[in-house]
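Peer 1: Provided herewith: final_34.cif, mmCIF, C-alpha atoms (C1' of nucleotides).
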data_my_file
loop_
_atom_site.group_PDB
_atom_site.id
_atom_site.type_symbol
_atom_site.label_atom_id
_atom_site.label_comp_id
_atom_site.auth_asym_id
_atom_site.auth_seq_id
_atom_site.Cartn_x
_atom_site.Cartn_y
_atom_site.Cartn_z
ATOM 1 C CA MET A 22 0.000 0.000 0.000
ATOM 2 C CA ARG A 23 1.359 3.386 -1.010
ATOM 3 C CA ILE A 24 0.329 6.515 0.921
ATOM 4 C CA ALA A 25 1.568 10.034 0.190
ATOM 5 C CA THR A 26 1.171 13.633 1.286
ATOM 6 C CA TRP A 27 1.555 16.782 -0.797
ATOM 7 C CA ASN A 28 0.994 20.468 -0.122
ATOM 8 C CA VAL A 29 -0.012 21.490 -3.647
ATOM 9 C CA ASN A 30 -0.402 25.282 -3.052
ATOM 10 C CA SER A 31 -3.717 25.558 -4.948
ATOM 11 C CA ILE A 32 -5.279 22.456 -6.474
ATOM 12 C CA THR A 33 -6.588 24.648 -9.302
ATOM 13 C CA ALA A 34 -3.131 25.893 -10.272
ATOM 14 C CA ARG A 35 -1.650 22.405 -9.802
ATOM 15 C CA LEU A 36 -4.320 20.194 -11.375
ATOM 16 C CA PRO A 37 -2.405 19.098 -14.515
ATOM 17 C CA ARG A 38 0.655 18.296 -12.428
ATOM 18 C CA LEU A 39 -1.431 16.535 -9.792
ATOM 19 C CA LEU A 40 -3.073 14.318 -12.407
ATOM 20 C CA ASP A 41 0.324 13.541 -13.963
ATOM 21 C CA TRP A 42 1.759 12.679 -10.566
ATOM 22 C CA LEU A 43 -1.164 10.416 -9.634
ATOM 23 C CA GLY A 44 -0.639 8.497 -12.869
ATOM 24 C CA ALA A 45 3.111 8.196 -12.364
ATOM 25 C CA ALA A 46 3.357 7.499 -8.626
ATOM 26 C CA GLU A 47 0.053 5.609 -8.317
ATOM 27 C CA PRO A 48 -0.489 6.174 -4.611
ATOM 28 C CA ASP A 49 -3.420 4.309 -3.052
ATOM 29 C CA VAL A 50 -4.041 7.266 -0.762
ATOM 30 C CA LEU A 51 -2.927 10.885 -1.207
ATOM 31 C CA CYS A 52 -3.317 13.537 1.471
ATOM 32 C CA LEU A 53 -3.489 17.051 0.012
ATOM 33 C CA GLN A 54 -3.055 20.415 1.684
ATOM 34 C CA GLU A 55 -3.437 24.074 0.723
ATOM 35 C CA LEU A 56 -6.160 23.386 -1.815
ATOM 36 C CA LYS A 57 -7.162 27.076 -1.891
ATOM 37 C CA CYS A 58 -10.543 26.267 -3.420
ATOM 38 C CA SER A 59 -14.153 25.865 -2.369
ATOM 39 C CA ASP A 60 -15.667 22.399 -1.916
ATOM 40 C CA ALA A 61 -17.790 23.173 -5.000
ATOM 41 C CA ALA A 62 -14.710 23.954 -7.113
ATOM 42 C CA PHE A 63 -12.890 20.749 -6.156
ATOM 43 C CA PRO A 64 -12.043 18.742 -9.318
ATOM 44 C CA TYR A 65 -13.903 15.551 -8.338
ATOM 45 C CA ASP A 66 -14.462 14.501 -11.949
ATOM 46 C CA ALA A 67 -10.846 14.707 -13.141
ATOM 47 C CA ILE A 68 -9.652 12.821 -10.068
ATOM 48 C CA GLY A 69 -12.495 10.317 -10.318
ATOM 49 C CA GLU A 70 -11.475 9.460 -13.880
ATOM 50 C CA LEU A 71 -8.191 8.174 -12.454
ATOM 51 C CA GLY A 72 -10.089 5.920 -10.061
ATOM 52 C CA TYR A 73 -9.855 8.002 -6.919
ATOM 53 C CA GLY A 74 -12.560 9.002 -4.502
ATOM 54 C CA ALA A 75 -12.111 12.229 -2.567
ATOM 55 C CA ALA A 76 -13.102 13.547 0.835
ATOM 56 C CA THR A 77 -12.618 17.298 1.027
ATOM 57 C CA TYR A 78 -12.666 20.010 3.660
ATOM 58 C CA CYS A 79 -11.967 23.321 2.030
ATOM 59 C CA ALA A 80 -13.451 26.779 1.711
ATOM 60 C CA GLY A 81 -12.151 29.421 -0.587
ATOM 61 C CA ARG A 82 -8.981 31.355 -0.700
ATOM 62 C CA TRP A 83 -6.834 29.853 2.072
ATOM 63 C CA ASN A 84 -6.082 26.466 3.593
ATOM 64 C CA GLY A 85 -8.171 23.461 2.544
ATOM 65 C CA VAL A 86 -7.337 19.758 2.873
ATOM 66 C CA ALA A 87 -8.453 16.531 1.216
ATOM 67 C CA ILE A 88 -7.848 12.798 1.132
ATOM 68 C CA LEU A 89 -7.859 11.011 -2.226
ATOM 69 C CA SER A 90 -8.175 7.238 -2.124
ATOM 70 C CA ARG A 91 -8.603 4.268 -4.407
ATOM 71 C CA ALA A 92 -8.603 2.026 -1.330
ATOM 72 C CA GLY A 93 -11.882 3.104 0.243
ATOM 73 C CA LEU A 94 -12.789 6.225 2.156
ATOM 74 C CA GLY A 95 -14.819 5.714 5.315
ATOM 75 C CA ASP A 96 -15.460 7.348 8.690
ATOM 76 C CA VAL A 97 -14.599 10.817 7.377
ATOM 77 C CA THR A 98 -13.931 13.364 10.126
ATOM 78 C CA ARG A 99 -13.713 17.058 9.295
ATOM 79 C CA GLY A 100 -11.821 19.218 11.795
ATOM 80 C CA LEU A 101 -10.228 18.375 15.145
ATOM 81 C CA ALA A 102 -11.931 17.886 18.503
ATOM 82 C CA ASP A 103 -11.965 21.262 20.290
ATOM 83 C CA GLU A 104 -10.089 22.826 17.385
ATOM 84 C CA PRO A 105 -9.106 26.427 18.173
ATOM 85 C CA GLU A 106 -10.172 29.341 16.015
ATOM 86 C CA PHE A 107 -7.751 32.017 14.908
ATOM 87 C CA VAL A 108 -8.602 35.342 16.524
ATOM 88 C CA ASP A 109 -6.511 38.213 15.239
ATOM 89 C CA GLU A 110 -5.853 41.264 17.393
ATOM 90 C CA GLY A 111 -8.838 43.573 17.241
ATOM 91 C CA ALA A 112 -11.079 40.947 15.694
ATOM 92 C CA LEU A 113 -14.482 40.375 17.256
ATOM 93 C CA PHE A 114 -14.811 36.829 16.010
ATOM 94 C CA GLY A 115 -12.480 34.020 15.178
ATOM 95 C CA ALA A 116 -12.856 31.714 12.212
ATOM 96 C CA ARG A 117 -12.677 27.942 12.052
ATOM 97 C CA GLU A 118 -10.134 27.233 9.338
ATOM 98 C CA ARG A 119 -10.151 24.032 7.301
ATOM 99 C CA ARG A 120 -6.901 22.335 8.184
ATOM 100 C CA ALA A 121 -7.657 18.741 9.180
ATOM 101 C CA ILE A 122 -9.543 15.818 7.672
ATOM 102 C CA GLY A 123 -9.425 12.170 8.704
ATOM 103 C CA ALA A 124 -10.613 9.028 6.945
ATOM 104 C CA THR A 125 -10.179 5.271 7.095
ATOM 105 C CA CYS A 126 -8.777 3.698 3.926
ATOM 106 C CA ASN A 127 -8.588 -0.074 3.734
ATOM 107 C CA GLY A 128 -8.230 -0.327 7.501
ATOM 108 C CA VAL A 129 -5.669 2.466 7.846
ATOM 109 C CA ARG A 130 -6.665 5.614 9.712
ATOM 110 C CA VAL A 131 -5.219 8.603 7.873
ATOM 111 C CA TRP A 132 -5.234 12.334 8.673
ATOM 112 C CA SER A 133 -4.394 15.056 6.150
ATOM 113 C CA LEU A 134 -3.143 18.073 8.102
ATOM 114 C CA TYR A 135 -2.130 21.645 7.414
ATOM 115 C CA ALA A 136 -0.789 23.256 10.576
ATOM 116 C CA PRO A 137 -1.015 27.030 10.942
ATOM 117 C CA ASN A 138 2.112 28.881 9.814
ATOM 118 C CA GLY A 139 2.495 30.998 12.953
ATOM 119 C CA ARG A 140 3.738 34.055 11.052
ATOM 120 C CA ALA A 141 6.199 35.180 13.770
ATOM 121 C CA PRO A 142 7.047 34.113 17.324
ATOM 122 C CA GLY A 143 4.828 36.177 19.617
ATOM 123 C CA HIS A 144 2.194 36.804 16.929
ATOM 124 C CA PRO A 145 -1.375 35.719 17.809
ATOM 125 C CA HIS A 146 -1.084 33.247 14.921
ATOM 126 C CA PHE A 147 1.878 31.609 16.668
ATOM 127 C CA ARG A 148 -0.174 31.027 19.826
ATOM 128 C CA TYR A 149 -2.941 29.646 17.627
ATOM 129 C CA LYS A 150 -0.438 27.290 15.962
ATOM 130 C CA LEU A 151 0.575 25.822 19.326
ATOM 131 C CA GLU A 152 -3.060 25.482 20.419
ATOM 132 C CA TRP A 153 -3.900 23.812 17.119
ATOM 133 C CA LEU A 154 -1.072 21.274 17.512
ATOM 134 C CA ALA A 155 -2.285 20.557 21.072
ATOM 135 C CA ALA A 156 -5.814 19.947 19.751
ATOM 136 C CA LEU A 157 -4.320 17.599 17.156
ATOM 137 C CA GLN A 158 -2.609 15.620 19.908
ATOM 138 C CA HIS A 159 -5.848 15.312 21.884
ATOM 139 C CA THR A 160 -7.758 14.190 18.805
ATOM 140 C CA VAL A 161 -5.231 11.578 17.776
ATOM 141 C CA THR A 162 -4.646 10.279 21.315
ATOM 142 C CA ALA A 163 -8.348 9.510 21.515
ATOM 143 C CA GLU A 164 -8.148 7.547 18.235
ATOM 144 C CA ASN A 165 -4.823 5.773 18.689
ATOM 145 C CA GLY A 166 -5.097 2.034 19.251
ATOM 146 C CA ASP A 167 -4.242 -1.204 17.489
ATOM 147 C CA GLN A 168 -5.441 -0.009 14.082
ATOM 148 C CA PRO A 169 -2.720 1.463 11.826
ATOM 149 C CA LEU A 170 -2.880 5.250 12.064
ATOM 150 C CA ALA A 171 -0.808 8.050 10.550
ATOM 151 C CA LEU A 172 -0.778 11.826 10.568
ATOM 152 C CA LEU A 173 0.402 13.194 7.238
ATOM 153 C CA GLY A 174 0.798 16.749 6.084
ATOM 154 C CA ASP A 175 2.419 20.122 6.368
ATOM 155 C CA PHE A 176 3.226 20.592 10.059
ATOM 156 C CA ASN A 177 5.065 23.886 9.462
ATOM 157 C CA VAL A 178 7.679 22.723 11.991
ATOM 158 C CA ALA A 179 11.185 21.423 11.253
ATOM 159 C CA PRO A 180 11.808 18.727 13.878
ATOM 160 C CA THR A 181 15.577 19.325 14.263
ATOM 161 C CA ASP A 182 18.243 21.800 13.181
ATOM 162 C CA ASP A 183 19.303 19.259 10.546
ATOM 163 C CA ASP A 184 15.881 19.633 8.973
ATOM 164 C CA VAL A 185 16.699 23.135 7.682
ATOM 165 C CA TYR A 186 19.477 24.084 5.264
ATOM 166 C CA ASP A 187 21.169 26.495 7.707
ATOM 167 C CA ILE A 188 19.851 27.047 11.207
ATOM 168 C CA ALA A 189 21.750 30.353 11.354
ATOM 169 C CA ASP A 190 19.243 31.754 8.850
ATOM 170 C CA PHE A 191 16.346 31.016 11.218
ATOM 171 C CA ALA A 192 17.057 33.334 14.149
ATOM 172 C CA ASP A 193 13.750 34.705 15.470
ATOM 173 C CA SER A 194 11.886 32.589 12.924
ATOM 174 C CA THR A 195 8.943 30.275 13.255
ATOM 175 C CA HIS A 196 9.204 26.553 12.351
ATOM 176 C CA VAL A 197 12.322 25.914 14.486
ATOM 177 C CA THR A 198 11.422 27.250 17.951
ATOM 178 C CA GLU A 199 11.422 25.155 21.092
ATOM 179 C CA PRO A 200 7.654 25.380 21.740
ATOM 180 C CA GLU A 201 6.895 24.242 18.178
ATOM 181 C CA ARG A 202 9.328 21.332 18.480
ATOM 182 C CA GLN A 203 7.869 20.454 21.887
ATOM 183 C CA ALA A 204 4.448 20.214 20.260
ATOM 184 C CA LEU A 205 5.887 17.666 17.811
ATOM 185 C CA ALA A 206 7.658 15.874 20.667
ATOM 186 C CA ALA A 207 4.328 15.638 22.477
ATOM 187 C CA LEU A 208 2.846 13.922 19.423
ATOM 188 C CA ARG A 209 5.752 11.468 19.355
ATOM 189 C CA SER A 210 5.404 10.818 23.080
ATOM 190 C CA SER A 211 1.769 9.880 22.517
ATOM 191 C CA GLY A 212 3.005 6.892 20.521
ATOM 192 C CA LEU A 213 3.786 8.259 17.053
ATOM 193 C CA THR A 214 7.060 7.889 15.143
ATOM 194 C CA ASP A 215 8.425 10.458 12.685
ATOM 195 C CA ILE A 216 8.966 8.351 9.551
ATOM 196 C CA VAL A 217 11.939 10.176 8.040
ATOM 197 C CA PRO A 218 11.972 9.730 4.254
ATOM 198 C CA ARG A 219 15.071 9.302 2.154
ATOM 199 C CA ALA A 220 16.133 12.100 -0.165
ATOM 200 C CA LEU A 221 16.333 11.312 -3.875
ATOM 201 C CA LYS A 222 19.228 13.761 -4.131
ATOM 202 C CA GLY A 223 21.377 15.465 -1.498
ATOM 203 C CA ASP A 224 21.866 14.526 2.119
ATOM 204 C CA ARG A 225 18.745 15.928 3.675
ATOM 205 C CA PRO A 226 15.173 14.908 2.810
ATOM 206 C CA TYR A 227 13.790 18.418 2.492
ATOM 207 C CA THR A 228 10.143 18.712 1.485
ATOM 208 C CA TYR A 229 9.811 22.485 1.008
ATOM 209 C CA TRP A 230 11.877 25.058 -0.832
ATOM 210 C CA ASP A 231 10.833 28.714 -0.916
ATOM 211 C CA TYR A 232 9.983 30.095 -4.359
ATOM 212 C CA ARG A 233 12.318 33.036 -3.729
ATOM 213 C CA GLN A 234 16.062 33.431 -3.935
ATOM 214 C CA LEU A 235 16.614 30.320 -6.052
ATOM 215 C CA ALA A 236 16.076 28.214 -2.941
ATOM 216 C CA PHE A 237 15.376 24.992 -4.835
ATOM 217 C CA ALA A 238 18.409 25.340 -7.115
ATOM 218 C CA LYS A 239 20.591 25.895 -4.028
ATOM 219 C CA ASP A 240 18.809 23.127 -2.084
ATOM 220 C CA ASN A 241 17.954 25.674 0.610
ATOM 221 C CA GLY A 242 15.113 23.524 1.891
ATOM 222 C CA MET A 243 13.249 22.510 4.993
ATOM 223 C CA ARG A 244 11.687 19.228 6.126
ATOM 224 C CA ILE A 245 8.286 20.357 7.361
ATOM 225 C CA ASP A 246 5.976 17.856 5.635
ATOM 226 C CA LEU A 247 5.886 14.874 7.945
ATOM 227 C CA ILE A 248 4.440 11.403 8.338
ATOM 228 C CA LEU A 249 3.874 10.373 11.958
ATOM 229 C CA GLY A 250 2.780 6.753 12.373
ATOM 230 C CA ASN A 251 1.613 4.663 15.300
ATOM 231 C CA PRO A 252 3.337 1.275 15.909
ATOM 232 C CA ALA A 253 0.976 -0.743 13.672
ATOM 233 C CA PHE A 254 1.668 1.719 10.845
ATOM 234 C CA THR A 255 5.394 2.167 11.431
ATOM 235 C CA GLU A 256 6.075 -1.570 11.612
ATOM 236 C CA ALA A 257 4.619 -1.951 8.107
ATOM 237 C CA VAL A 258 6.872 0.672 6.495
ATOM 238 C CA GLN A 259 8.984 -0.690 3.645
ATOM 239 C CA ASP A 260 10.307 2.576 2.213
ATOM 240 C CA ALA A 261 9.736 6.322 2.377
ATOM 241 C CA TYR A 262 11.056 9.055 0.096
ATOM 242 C CA VAL A 263 10.600 12.664 -0.958
ATOM 243 C CA ASP A 264 9.739 13.020 -4.641
ATOM 244 C CA ARG A 265 11.808 16.154 -5.285
ATOM 245 C CA ASN A 266 11.238 15.739 -9.041
ATOM 246 C CA ALA A 267 7.738 17.099 -8.446
ATOM 247 C CA ARG A 268 9.313 20.381 -7.266
ATOM 248 C CA LYS A 269 11.044 20.930 -10.629
ATOM 249 C CA ASP A 270 9.749 23.024 -13.510
ATOM 250 C CA SER A 271 7.605 21.025 -15.927
ATOM 251 C CA PRO A 272 5.582 21.551 -19.125
ATOM 252 C CA ALA A 273 2.481 20.775 -17.041
ATOM 253 C CA GLY A 274 2.848 24.105 -15.250
ATOM 254 C CA PRO A 275 4.724 25.701 -12.375
ATOM 255 C CA PRO A 276 5.487 23.582 -9.311
ATOM 256 C CA SER A 277 4.206 23.815 -5.773
ATOM 257 C CA ASP A 278 6.826 24.986 -3.278
ATOM 258 C CA HIS A 279 6.426 21.594 -1.558
ATOM 259 C CA ALA A 280 7.322 18.115 -2.821
ATOM 260 C CA PRO A 281 5.279 14.976 -2.107
ATOM 261 C CA VAL A 282 6.386 12.565 0.604
ATOM 262 C CA VAL A 283 5.646 8.916 -0.184
ATOM 263 C CA VAL A 284 5.555 5.900 2.137
ATOM 264 C CA ASP A 285 5.246 2.271 1.028
ATOM 265 C CA LEU A 286 3.735 -0.208 3.450
ATOM 266 C CA ALA A 287 3.212 -3.943 3.694
ATOM 267 C CA PHE A 288 0.638 -4.838 6.327
ATOM 268 C CA PRO A 289 0.417 -8.396 7.668
ATOM 269 C CA SER A 290 -2.578 -10.154 6.077
ATOM 270 C "C1'" DA B 296 15.945 43.247 -1.879
ATOM 271 C "C1'" DT B 297 10.729 38.848 1.175
ATOM 272 C "C1'" DG B 298 14.342 38.741 -5.222
ATOM 273 C "C1'" DT B 299 7.972 34.140 -5.966
ATOM 274 C "C1'" DC B 300 3.630 32.566 -6.270
ATOM 275 C "C1'" DA B 301 -1.565 32.288 -5.819
ATOM 276 C "C1'" DG B 302 -6.237 34.187 -5.136
ATOM 277 C "C1'" DA B 303 -9.567 37.929 -4.449
ATOM 278 C "C1'" DC B 304 -11.146 42.143 -5.563
ATOM 279 C "C1'" DA B 305 -13.099 44.912 -9.093
ATOM 280 C "C1'" DA B 306 -8.776 45.686 -11.790
ATOM 281 C "C1'" DC B 307 -5.975 44.722 -15.867
ATOM 282 C "C1'" DG B 308 -2.993 46.806 -10.398
ATOM 283 C "C1'" DT B 309 -2.696 46.042 -5.443
ATOM 284 C "C1'" DC B 310 -3.299 43.585 -1.448
ATOM 285 C "C1'" DT B 311 -2.699 39.363 1.701
ATOM 286 C "C1'" DG B 312 -0.601 35.136 3.126
ATOM 287 C "C1'" DA B 313 2.911 31.873 2.743
#
Let me see the file written as structure tokens.

Peer 2:
Amino acid sequence: MRIATWNVNSITARLPRLLDWLGAAEPDVLCLQELKCSDAAFPYDAIGELGYGAATYCAGRWNGVAILSRAGLGDVTRGLADEPEFVDEGALFGARERRAIGATCNGVRVWSLYAPNGRAPGHPHFRYKLEWLAALQHTVTAENGDQPLALLGDFNVAPTDDDVYDIADFADSTHVTEPERQALAALRSSGLTDIVPRALKGDRPYTYWDYRQLAFAKDNGMRIDLILGNPAFTEAVQDAYVDRNARKDSPAGPPSDHAPVVVDLAFPS
DNA sequence: ATGTCAGACAACGTCTGA
């Protein structure tokens, strides 16, 4: 069974590349993030023609997540238990953003996740990010048992200094702070393992390269797209890799700033 | 030099978020 995760940075802008990638990589399940479309605008037909069902949780301009599957799609859960809302300074109301969707595919419990960015340490969005990751831990702790389970997606946190190209460039930056890494550590301590993929090129399995400053050409990347598996999931892992080829320029259109992460599994029958 | 990209708005440029 092949499961993957990919922050596509707009499913509308990425559709030709997404369809190409589905045909080439043939994942059984694909978790998508940053769809940037409404549920109504989701390309169910084009994806369905390739044999995939889709469960979506998206609304408009920002965020948006989905799970594509050709291995069944049951028990769909949209949002986290007690998920926080982002309340900006001066705002009267918060808004529930669409950042988490869970489903069960052929006996594997899968979550597609897009953690808040945080914007800057000390920003209200940073506090929201930590609260959101705590809500994720509570949700998954309640679900975690003997059934294979994995959290896949863009966590917007680099687990260690080795997961960024140069930690010296990240002073006063989000994604590398102690509280963010503690939130990931809390997820691991609740029984999940960070399944570190292999890089197809270079030493570090980066999953994100900024569009600016020739970051991809210089391999100035970050590993922020993660797969966290419980024991029943992790024991079945045969291989995991980052498909950095999907970050390259292509005739099918411009790339996302993230590459897909793929995991191959063999579950005992 | 936040040097690129995407979407929304009401426009054909400017803003926001990443």

Peer 1: How close does chain B get to chain A? List, as a Markdown table, each residue of chain B within 8 Å, its nearest atom pair and the distance in Å to one decimal, counting all atoms listed in the file.

Peer 2:
| residue | atom | partner | partner_atom | distance |
| --- | --- | --- | --- | --- |
| B:DT297 | C1' | A:Arg233 | CA | 7.8 |
| B:DG298 | C1' | A:Gln234 | CA | 5.7 |
| B:DT299 | C1' | A:Tyr232 | CA | 4.8 |
| B:DC300 | C1' | A:Tyr232 | CA | 7.1 |
| B:DA301 | C1' | A:Ser31 | CA | 7.1 |
| B:DG302 | C1' | A:Arg82 | CA | 5.9 |
| B:DA303 | C1' | A:Arg82 | CA | 7.6 |
| B:DA313 | C1' | A:Asn138 | CA | 7.7 |

Peer 1: Can you spell out as a list in words the set of residues that the PyMOL selection byres ((chain A and resi 238-246) around 6) selects in the structure I just provided?

Peer 2: Gly174, Asp175, Phe176, Asn177, Val178, Ala179, Asp184, Val185, Tyr186, Tyr227, Thr228, Tyr229, Trp230, Leu235, Ala236, Phe237 and Leu247 of chain A

Peer 1: In Å to one decimal, how far is atom CA of Thr255 of chain A from atom CA of Gly128 of chain A?

Peer 2: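 Atom CA of Thr255 of chain A lies 14.4 Å from atom CA of Gly128 of chain A.
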
Peer 1: In the coordinates of the file, take the point (2.4, 17.4, 2.5) and a cut-off of 12 Å; then, counting all atoms listed in the file, name each qualifying protein, DNA or RNA residue as a PyMOL selection string.

Peer 2: chain A and resi 24-30+51-56+86-88+120+132-136+172-177+227-229+244-249+263-264+277-284

Peer 1: Just to be explicit: take each residue in the selection above, keep C-alpha atoms, and write the result as a PDB file, keeping the file's coordinate frame.

Peer 2:
ATOM      1  CA  ILE A  24       0.329   6.515   0.921  1.00  0.00           C
ATOM      2  CA  ALA A  25       1.568  10.034   0.190  1.00  0.00           C
ATOM      3  CA  THR A  26       1.171  13.633   1.286  1.00  0.00           C
ATOM      4  CA  TRP A  27       1.555  16.782  -0.797  1.00  0.00           C
ATOM      5  CA  ASN A  28       0.994  20.468  -0.122  1.00  0.00           C
ATOM      6  CA  VAL A  29      -0.012  21.490  -3.647  1.00  0.00           C
ATOM      7  CA  ASN A  30      -0.402  25.282  -3.052  1.00  0.00           C
ATOM      8  CA  LEU A  51      -2.927  10.885  -1.207  1.00  0.00           C
ATOM      9  CA  CYS A  52      -3.317  13.537   1.471  1.00  0.00           C
ATOM     10  CA  LEU A  53      -3.489  17.051   0.012  1.00  0.00           C
ATOM     11  CA  GLN A  54      -3.055  20.415   1.684  1.00  0.00           C
ATOM     12  CA  GLU A  55      -3.437  24.074   0.723  1.00  0.00           C
ATOM     13  CA  LEU A  56      -6.160  23.386  -1.815  1.00  0.00           C
ATOM     14  CA  VAL A  86      -7.337  19.758   2.873  1.00  0.00           C
ATOM     15  CA  ALA A  87      -8.453  16.531   1.216  1.00  0.00           C
ATOM     16  CA  ILE A  88      -7.848  12.798   1.132  1.00  0.00           C
ATOM     17  CA  ARG A 120      -6.901  22.335   8.184  1.00  0.00           C
ATOM     18  CA  TRP A 132      -5.234  12.334   8.673  1.00  0.00           C
ATOM     19  CA  SER A 133      -4.394  15.056   6.150  1.00  0.00           C
ATOM     20  CA  LEU A 134      -3.143  18.073   8.102  1.00  0.00           C
ATOM     21  CA  TYR A 135      -2.130  21.645   7.414  1.00  0.00           C
ATOM     22  CA  ALA A 136      -0.789  23.256  10.576  1.00  0.00           C
ATOM     23  CA  LEU A 172      -0.778  11.826  10.568  1.00  0.00           C
ATOM     24  CA  LEU A 173       0.402  13.194   7.238  1.00  0.00           C
ATOM     25  CA  GLY A 174       0.798  16.749   6.084  1.00  0.00           C
ATOM     26  CA  ASP A 175       2.419  20.122   6.368  1.00  0.00           C
ATOM     27  CA  PHE A 176       3.226  20.592  10.059  1.00  0.00           C
ATOM     28  CA  ASN A 177       5.065  23.886   9.462  1.00  0.00           C
ATOM     29  CA  TYR A 227      13.790  18.418   2.492  1.00  0.00           C
ATOM     30  CA  THR A 228      10.143  18.712   1.485  1.00  0.00           C
ATOM     31  CA  TYR A 229       9.811  22.485   1.008  1.00  0.00           C
ATOM     32  CA  ARG A 244      11.687  19.228   6.126  1.00  0.00           C
ATOM     33  CA  ILE A 245       8.286  20.357   7.361  1.00  0.00           C
ATOM     34  CA  ASP A 246       5.976  17.856   5.635  1.00  0.00           C
ATOM     35  CA  LEU A 247       5.886  14.874   7.945  1.00  0.00           C
ATOM     36  CA  ILE A 248       4.440  11.403   8.338  1.00  0.00           C
ATOM     37  CA  LEU A 249       3.874  10.373  11.958  1.00  0.00           C
ATOM     38  CA  VAL A 263      10.600  12.664  -0.958  1.00  0.00           C
ATOM     39  CA  ASP A 264       9.739  13.020  -4.641  1.00  0.00           C
ATOM     40  CA  SER A 277       4.206  23.815  -5.773  1.00  0.00           C
ATOM     41  CA  ASP A 278       6.826  24.986  -3.278  1.00  0.00           C
ATOM     42  CA  HIS A 279       6.426  21.594  -1.558  1.00  0.00           C
ATOM     43  CA  ALA A 280       7.322  18.115  -2.821  1.00  0.00           C
ATOM     44  CA  PRO A 281       5.279  14.976  -2.107  1.00  0.00           C
ATOM     45  CA  VAL A 282       6.386  12.565   0.604  1.00  0.00           C
ATOM     46  CA  VAL A 283       5.646   8.916  -0.184  1.00  0.00           C
ATOM     47  CA  VAL A 284       5.555   5.900   2.137  1.00  0.00           C
TER      48      VAL A 284
END

Peer 1: If I take atom CA of Thr160 of chain A and atom CA of Ala206 of chain A, how far is one from the other in Å, to one decimal?

Peer 2: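 If I compute the distance from atom CA of Thr160 of chain A to atom CA of Ala206 of chain A, I get 15.6 Å.
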
Peer 1: In Å, with one decimal, what is the gap from atom CA of Leu221 of chain A to atom CA of Phe191 of chain A?

Peer 2: 24.8 Å
